[in-house]
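Notes follow once the structure below has been shown.
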Amino acid sequence: MTGSDAKPARRELARIVSEGDLEHELAIIGKSGANNRAGVFGPGSMMWRIDKEAATFLGAGRALLLQLAHPWVAAAIAQHSRVLADPIGRFHGTFNLMFTMVFGTTEQALAAARRLHDRHAHIGGRLAEAAGSFVAGSRYRANDVAALRWVHATLIDTALVAHELVHPRLSTEDRERDWGEARLFAAFFGIPQDALPHSWADFVCYNEIMWRSDVLTVSEETREIAGAVLSGVGTRLLMPVWYRALTARLLPARLRDDFALPYGEAESRKTDRALALLRRVYLWVPSWLRHVGPYQEARARLAGRRPGIATELLNRLWIGQKSMAG
């Protein structure tokens, strides 16, 4: 997909990732020369450089809302997820899988991919109502290639967006490197390489087409879920007003409106002030606090050390357990 041949996104025929399909894609990782101890990506990779930052959390709301905008993903979350009953548990589960794939040993990363596929294999159903290009009663499956590709895209794109809130913009060369590694990361989902954009420019084009297409459709139920999440329902925490405004700011304008998230001058001033403060303070925060626990665990592993208590506590914050090993 390139800018010159871009066409409006269309709903694709279902293409389900089977267990055999997953293993075929995971074999690509085996052929990539990944060192088990360093993991699939390792030090010096763009994945480690970007995902080690605690600033990743700044984009969590954006990534979730982009995913919810896909009717199949929204239905799966509404019907099979505990995102409202146990949002912190879902946060831990999601980050546990993603960080293990990035920072775990190759063995741990492959095991995480298989757990994710097995979990998705039990998630499916039918849409109760028509949504955009999806008719009422249409069947969805969590292991559908098109839906997985969209979730993968939201994770990769949002991680970079969040990174650049507190760091200088990456060069074109680094963006291309990042997308090359992201294609390998897609293998953990079982997404076939031929279903992915070939280059960074193609990936940007794919996102822009999806943002404009009726494949992404926000229903009233989806707006209610998004509103509950951004209000901190089920967490006993009060979500900062500036975070809700920041999430609105980071969304494509059309989807921001579809989610009925206000973003006027008042919200713009709130996010400007919050980001100005974050940018002044963030790089002065000590690395043991600024970098996520799984990254620090990986660094300790490569140095032949056991993770310290501080790393174990950070892991409990980020992934709900003291180690990626369980």
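Ordering of the structure tokens sets the chain letters (A, B, ...), residue numbers begin anew at 1 in every chain, and ligands are numbered from 1 in the order given.
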Residue contacts of range 152-163 of chain A (6 Å, only C-alpha atoms) excluding same-chain residues fewer than 5 positions away, as an mmCIF file with C-alpha atoms, in the first residue's frame:
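Generated file (around_32.cif):
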data_model
loop_
_atom_site.group_PDB
_atom_site.id
_atom_site.type_symbol
_atom_site.label_atom_id
_atom_site.label_comp_id
_atom_site.auth_asym_id
_atom_site.auth_seq_id
_atom_site.Cartn_x
_atom_site.Cartn_y
_atom_site.Cartn_z
ATOM 1 C CA THR A 56 4.168 5.045 26.943
ATOM 2 C CA LEU A 58 0.489 8.829 27.991
ATOM 3 C CA GLY A 59 -0.819 7.102 24.869
ATOM 4 C CA ALA A 63 -4.561 3.239 21.745
#
Might you pull out every residue within 12 Å of Glu220 in chain A, with only C-alpha atoms counted and same-chain residues fewer than 4 positions away left off, and present them as a PDB file with all heavy atoms, in the first residue's frame?
ATOM      1  N   LEU A  68     -11.178   0.484  20.100  1.00  0.00           N
ATOM      2  CA  LEU A  68     -12.627   0.430  20.296  1.00  0.00           C
ATOM      3  C   LEU A  68     -13.390   0.921  19.077  1.00  0.00           C
ATOM      4  O   LEU A  68     -14.549   0.540  18.868  1.00  0.00           O
ATOM      5  CB  LEU A  68     -13.019   1.274  21.511  1.00  0.00           C
ATOM      6  CG  LEU A  68     -12.799   0.661  22.897  1.00  0.00           C
ATOM      7  CD1 LEU A  68     -13.001   1.719  23.969  1.00  0.00           C
ATOM      8  CD2 LEU A  68     -13.741  -0.517  23.123  1.00  0.00           C
ATOM      9  N   ALA A  69     -12.755   1.756  18.262  1.00  0.00           N
ATOM     10  CA  ALA A  69     -13.428   2.286  17.080  1.00  0.00           C
ATOM     11  C   ALA A  69     -13.656   1.213  16.020  1.00  0.00           C
ATOM     12  O   ALA A  69     -14.447   1.420  15.092  1.00  0.00           O
ATOM     13  CB  ALA A  69     -12.620   3.446  16.484  1.00  0.00           C
ATOM     14  N   PRO A  71     -15.508  -1.993  15.122  1.00  0.00           N
ATOM     15  CA  PRO A  71     -16.667  -2.681  15.707  1.00  0.00           C
ATOM     16  C   PRO A  71     -16.383  -4.089  16.216  1.00  0.00           C
ATOM     17  O   PRO A  71     -16.957  -4.508  17.226  1.00  0.00           O
ATOM     18  CB  PRO A  71     -17.677  -2.692  14.550  1.00  0.00           C
ATOM     19  CG  PRO A  71     -17.337  -1.472  13.757  1.00  0.00           C
ATOM     20  CD  PRO A  71     -15.836  -1.391  13.819  1.00  0.00           C
ATOM     21  N   ALA A  74     -14.499  -3.667  19.472  1.00  0.00           N
ATOM     22  CA  ALA A  74     -15.411  -3.136  20.483  1.00  0.00           C
ATOM     23  C   ALA A  74     -16.351  -4.222  20.991  1.00  0.00           C
ATOM     24  O   ALA A  74     -16.611  -4.333  22.196  1.00  0.00           O
ATOM     25  CB  ALA A  74     -16.206  -1.973  19.902  1.00  0.00           C
ATOM     26  N   GLU A 129     -25.825  -5.006  16.551  1.00  0.00           N
ATOM     27  CA  GLU A 129     -26.363  -3.943  15.717  1.00  0.00           C
ATOM     28  C   GLU A 129     -25.422  -3.677  14.548  1.00  0.00           C
ATOM     29  O   GLU A 129     -24.219  -3.966  14.626  1.00  0.00           O
ATOM     30  CB  GLU A 129     -26.539  -2.654  16.528  1.00  0.00           C
ATOM     31  CG  GLU A 129     -27.492  -2.778  17.703  1.00  0.00           C
ATOM     32  CD  GLU A 129     -27.570  -1.498  18.502  1.00  0.00           C
ATOM     33  OE1 GLU A 129     -26.746  -0.589  18.236  1.00  0.00           O
ATOM     34  OE2 GLU A 129     -28.434  -1.407  19.394  1.00  0.00           O
ATOM     35  N   ALA A 130     -25.961  -3.071  13.487  1.00  0.00           N
ATOM     36  CA  ALA A 130     -25.120  -2.670  12.359  1.00  0.00           C
ATOM     37  C   ALA A 130     -24.170  -1.565  12.820  1.00  0.00           C
ATOM     38  O   ALA A 130     -24.526  -0.728  13.658  1.00  0.00           O
ATOM     39  CB  ALA A 130     -25.985  -2.170  11.208  1.00  0.00           C
ATOM     40  N   ALA A 131     -22.961  -1.580  12.287  1.00  0.00           N
ATOM     41  CA  ALA A 131     -21.971  -0.564  12.641  1.00  0.00           C
ATOM     42  C   ALA A 131     -21.111  -0.280  11.418  1.00  0.00           C
ATOM     43  O   ALA A 131     -20.312  -1.120  11.008  1.00  0.00           O
ATOM     44  CB  ALA A 131     -21.103  -1.044  13.799  1.00  0.00           C
ATOM     45  N   GLU A 224     -19.934   4.864  25.479  1.00  0.00           N
ATOM     46  CA  GLU A 224     -20.131   4.655  26.918  1.00  0.00           C
ATOM     47  C   GLU A 224     -18.942   3.934  27.538  1.00  0.00           C
ATOM     48  O   GLU A 224     -18.499   4.278  28.639  1.00  0.00           O
ATOM     49  CB  GLU A 224     -21.416   3.874  27.155  1.00  0.00           C
ATOM     50  CG  GLU A 224     -22.676   4.659  26.837  1.00  0.00           C
ATOM     51  CD  GLU A 224     -23.940   3.824  26.983  1.00  0.00           C
ATOM     52  OE1 GLU A 224     -23.823   2.634  27.356  1.00  0.00           O
ATOM     53  OE2 GLU A 224     -25.034   4.351  26.728  1.00  0.00           O
ATOM     54  N   ILE A 225     -18.422   2.923  26.834  1.00  0.00           N
ATOM     55  CA  ILE A 225     -17.244   2.208  27.341  1.00  0.00           C
ATOM     56  C   ILE A 225     -16.060   3.159  27.429  1.00  0.00           C
ATOM     57  O   ILE A 225     -15.339   3.195  28.439  1.00  0.00           O
ATOM     58  CB  ILE A 225     -16.900   1.012  26.432  1.00  0.00           C
ATOM     59  CG1 ILE A 225     -18.009  -0.045  26.484  1.00  0.00           C
ATOM     60  CG2 ILE A 225     -15.567   0.387  26.842  1.00  0.00           C
ATOM     61  CD1 ILE A 225     -17.833  -1.174  25.487  1.00  0.00           C
ATOM     62  N   ALA A 226     -15.839   3.939  26.370  1.00  0.00           N
ATOM     63  CA  ALA A 226     -14.720   4.881  26.347  1.00  0.00           C
ATOM     64  C   ALA A 226     -14.850   5.908  27.468  1.00  0.00           C
ATOM     65  O   ALA A 226     -13.873   6.220  28.168  1.00  0.00           O
ATOM     66  CB  ALA A 226     -14.645   5.585  24.995  1.00  0.00           C
ATOM     67  N   GLY A 227     -16.060   6.426  27.663  1.00  0.00           N
ATOM     68  CA  GLY A 227     -16.277   7.410  28.712  1.00  0.00           C
ATOM     69  C   GLY A 227     -16.007   6.836  30.089  1.00  0.00           C
ATOM     70  O   GLY A 227     -15.420   7.503  30.951  1.00  0.00           O
ATOM     71  N   ASP A 258     -16.402  11.618  16.988  1.00  0.00           N
ATOM     72  CA  ASP A 258     -17.271  10.449  17.089  1.00  0.00           C
ATOM     73  C   ASP A 258     -17.383   9.947  18.525  1.00  0.00           C
ATOM     74  O   ASP A 258     -18.432   9.433  18.938  1.00  0.00           O
ATOM     75  CB  ASP A 258     -16.765   9.329  16.181  1.00  0.00           C
ATOM     76  CG  ASP A 258     -16.985   9.615  14.698  1.00  0.00           C
ATOM     77  OD1 ASP A 258     -17.682  10.611  14.398  1.00  0.00           O
ATOM     78  OD2 ASP A 258     -16.466   8.864  13.857  1.00  0.00           O
ATOM     79  N   PHE A 259     -16.300  10.082  19.292  1.00  0.00           N
ATOM     80  CA  PHE A 259     -16.324   9.675  20.696  1.00  0.00           C
ATOM     81  C   PHE A 259     -16.927  10.760  21.591  1.00  0.00           C
ATOM     82  O   PHE A 259     -17.024  10.578  22.803  1.00  0.00           O
ATOM     83  CB  PHE A 259     -14.914   9.332  21.186  1.00  0.00           C
ATOM     84  CG  PHE A 259     -14.476   7.926  20.872  1.00  0.00           C
ATOM     85  CD1 PHE A 259     -13.526   7.675  19.899  1.00  0.00           C
ATOM     86  CD2 PHE A 259     -15.025   6.847  21.552  1.00  0.00           C
ATOM     87  CE1 PHE A 259     -13.113   6.371  19.609  1.00  0.00           C
ATOM     88  CE2 PHE A 259     -14.625   5.547  21.281  1.00  0.00           C
ATOM     89  CZ  PHE A 259     -13.674   5.313  20.301  1.00  0.00           C
ATOM     90  N   ALA A 260     -17.302  11.894  20.974  1.00  0.00           N
ATOM     91  CA  ALA A 260     -17.900  13.023  21.701  1.00  0.00           C
ATOM     92  C   ALA A 260     -16.971  13.537  22.796  1.00  0.00           C
ATOM     93  O   ALA A 260     -17.403  13.873  23.908  1.00  0.00           O
ATOM     94  CB  ALA A 260     -19.258  12.621  22.293  1.00  0.00           C
TER      95      ALA A 260
END
At a cut-off of 8 Å, using only C-alpha atoms, what residues contact Arg141 in chain A? Leave out same-chain residues fewer than 3 positions from it and give the result as a list in words. Ile16, Trp72, His120, Ala121, Ile123, Gly124, Gly125 and Asp144 of chain A
Quick one: residues within 9 Å of range 237-242 of chain A, only C-alpha atoms, excluding same-chain residues fewer than 5 positions away - as a PyMOL selection string? chain A and resi 229-232+247+267+270-271+273-274
Given only C-alpha atoms as the basis, pick out the residue of A:Arg183, A:His122, A:Asp51, A:Leu216 nearest to Ser81 in chain A.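 Once distances to Ser81 in chain A are computed over only C-alpha atoms, the minimum belongs to A:His122.
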Quick check for you: according to DSSP on this backbone, which residues of range 124-292 of chain A are classed as helix (DSSP H, G or I)? Reply as a PyMOL selection string. chain A and resi 145-166+172-189+193-195+200-212+220-230+241-250+253-258+265-284+287-290
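In this structure, CA of Pro197 in chain A sits 21.2 Å away from CA of Leu251 in chain A.
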Closest contacts (range 66-151 of chain A/range 277-298 of chain A, max 8 Å, only C-alpha atoms) as JSON lines:
{"residue": "A:Phe99", "atom": "CA", "partner": "A:Pro294", "partner_atom": "CA", "distance": 6.4}
{"residue": "A:Thr100", "atom": "CA", "partner": "A:Pro294", "partner_atom": "CA", "distance": 7.3}
{"residue": "A:Phe103", "atom": "CA", "partner": "A:Tyr295", "partner_atom": "CA", "distance": 5.8}
{"residue": "A:Gly104", "atom": "CA", "partner": "A:Ala298", "partner_atom": "CA", "distance": 6.6}
Between CA of Leu313 in chain A and CA of His92 in chain A, distance in Å (one decimal):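 Going from CA of Leu313 in chain A over to CA of His92 in chain A covers 13.3 Å.
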May I ask which of the residues A:Met324, A:Val73, A:Ala147, A:Leu250 is the closest one to Leu97 in chain A, counting only C-alpha atoms? A:Met324
For Ala54 in chain A, which residue out of A:Phe95, A:Pro192, A:Ser18, A:Ala182 is the nearest one, using only C-alpha atoms?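 Among A:Phe95, A:Pro192, A:Ser18, A:Ala182, it is A:Phe95 that comes nearest to Ala54 in chain A.
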Exercise: Gly39 in chain A partners within 8 Å, only C-alpha atoms, chain neighbours under 5 positions left out, as an NGL selection string: :A and (34 or 102-107 or 109)
Deliver the residues from the most recent selection as a file, using all heavy atoms, as a PDB file, in the first residue's frame.
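Listing of again07.pdb after writing:
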ATOM      1  N   ALA A  34      17.415 -14.336  16.461  1.00  0.00           N
ATOM      2  CA  ALA A  34      17.213 -13.790  17.796  1.00  0.00           C
ATOM      3  C   ALA A  34      17.954 -14.624  18.835  1.00  0.00           C
ATOM      4  O   ALA A  34      17.895 -15.845  18.828  1.00  0.00           O
ATOM      5  CB  ALA A  34      15.719 -13.743  18.123  1.00  0.00           C
ATOM      6  N   VAL A 102       8.425  -7.898  23.931  1.00  0.00           N
ATOM      7  CA  VAL A 102       9.507  -6.961  23.592  1.00  0.00           C
ATOM      8  C   VAL A 102      10.756  -7.207  24.425  1.00  0.00           C
ATOM      9  O   VAL A 102      11.877  -7.253  23.893  1.00  0.00           O
ATOM     10  CB  VAL A 102       9.030  -5.502  23.776  1.00  0.00           C
ATOM     11  CG1 VAL A 102      10.192  -4.522  23.562  1.00  0.00           C
ATOM     12  CG2 VAL A 102       7.897  -5.177  22.811  1.00  0.00           C
ATOM     13  N   PHE A 103      10.602  -7.361  25.746  1.00  0.00           N
ATOM     14  CA  PHE A 103      11.758  -7.404  26.648  1.00  0.00           C
ATOM     15  C   PHE A 103      12.067  -8.787  27.213  1.00  0.00           C
ATOM     16  O   PHE A 103      13.118  -8.971  27.838  1.00  0.00           O
ATOM     17  CB  PHE A 103      11.528  -6.439  27.829  1.00  0.00           C
ATOM     18  CG  PHE A 103      11.360  -5.003  27.432  1.00  0.00           C
ATOM     19  CD1 PHE A 103      10.173  -4.342  27.676  1.00  0.00           C
ATOM     20  CD2 PHE A 103      12.392  -4.323  26.807  1.00  0.00           C
ATOM     21  CE1 PHE A 103      10.011  -3.007  27.316  1.00  0.00           C
ATOM     22  CE2 PHE A 103      12.243  -2.990  26.431  1.00  0.00           C
ATOM     23  CZ  PHE A 103      11.048  -2.334  26.691  1.00  0.00           C
ATOM     24  N   GLY A 104      11.171  -9.752  27.034  1.00  0.00           N
ATOM     25  CA  GLY A 104      11.429 -11.075  27.573  1.00  0.00           C
ATOM     26  C   GLY A 104      12.478 -11.831  26.774  1.00  0.00           C
ATOM     27  O   GLY A 104      12.916 -11.386  25.707  1.00  0.00           O
ATOM     28  N   THR A 105      12.899 -12.980  27.279  1.00  0.00           N
ATOM     29  CA  THR A 105      13.745 -13.860  26.476  1.00  0.00           C
ATOM     30  C   THR A 105      12.929 -14.302  25.262  1.00  0.00           C
ATOM     31  O   THR A 105      11.697 -14.187  25.255  1.00  0.00           O
ATOM     32  CB  THR A 105      14.175 -15.096  27.281  1.00  0.00           C
ATOM     33  OG1 THR A 105      13.000 -15.869  27.600  1.00  0.00           O
ATOM     34  CG2 THR A 105      14.895 -14.706  28.571  1.00  0.00           C
ATOM     35  N   THR A 106      13.602 -14.821  24.256  1.00  0.00           N
ATOM     36  CA  THR A 106      12.859 -15.293  23.083  1.00  0.00           C
ATOM     37  C   THR A 106      11.864 -16.375  23.490  1.00  0.00           C
ATOM     38  O   THR A 106      10.726 -16.397  23.015  1.00  0.00           O
ATOM     39  CB  THR A 106      13.832 -15.837  22.023  1.00  0.00           C
ATOM     40  OG1 THR A 106      14.712 -14.785  21.625  1.00  0.00           O
ATOM     41  CG2 THR A 106      13.087 -16.355  20.807  1.00  0.00           C
ATOM     42  N   GLU A 107      12.275 -17.249  24.396  1.00  0.00           N
ATOM     43  CA  GLU A 107      11.382 -18.316  24.864  1.00  0.00           C
ATOM     44  C   GLU A 107      10.152 -17.729  25.555  1.00  0.00           C
ATOM     45  O   GLU A 107       9.027 -18.171  25.315  1.00  0.00           O
ATOM     46  CB  GLU A 107      12.142 -19.224  25.826  1.00  0.00           C
ATOM     47  CG  GLU A 107      11.344 -20.424  26.330  1.00  0.00           C
ATOM     48  CD  GLU A 107      12.151 -21.320  27.253  1.00  0.00           C
ATOM     49  OE1 GLU A 107      13.378 -21.125  27.343  1.00  0.00           O
ATOM     50  OE2 GLU A 107      11.542 -22.210  27.882  1.00  0.00           O
ATOM     51  N   ALA A 109       8.907 -14.726  25.116  1.00  0.00           N
ATOM     52  CA  ALA A 109       8.125 -13.981  24.127  1.00  0.00           C
ATOM     53  C   ALA A 109       7.253 -14.916  23.292  1.00  0.00           C
ATOM     54  O   ALA A 109       6.079 -14.634  23.040  1.00  0.00           O
ATOM     55  CB  ALA A 109       9.058 -13.175  23.225  1.00  0.00           C
TER      56      ALA A 109
END
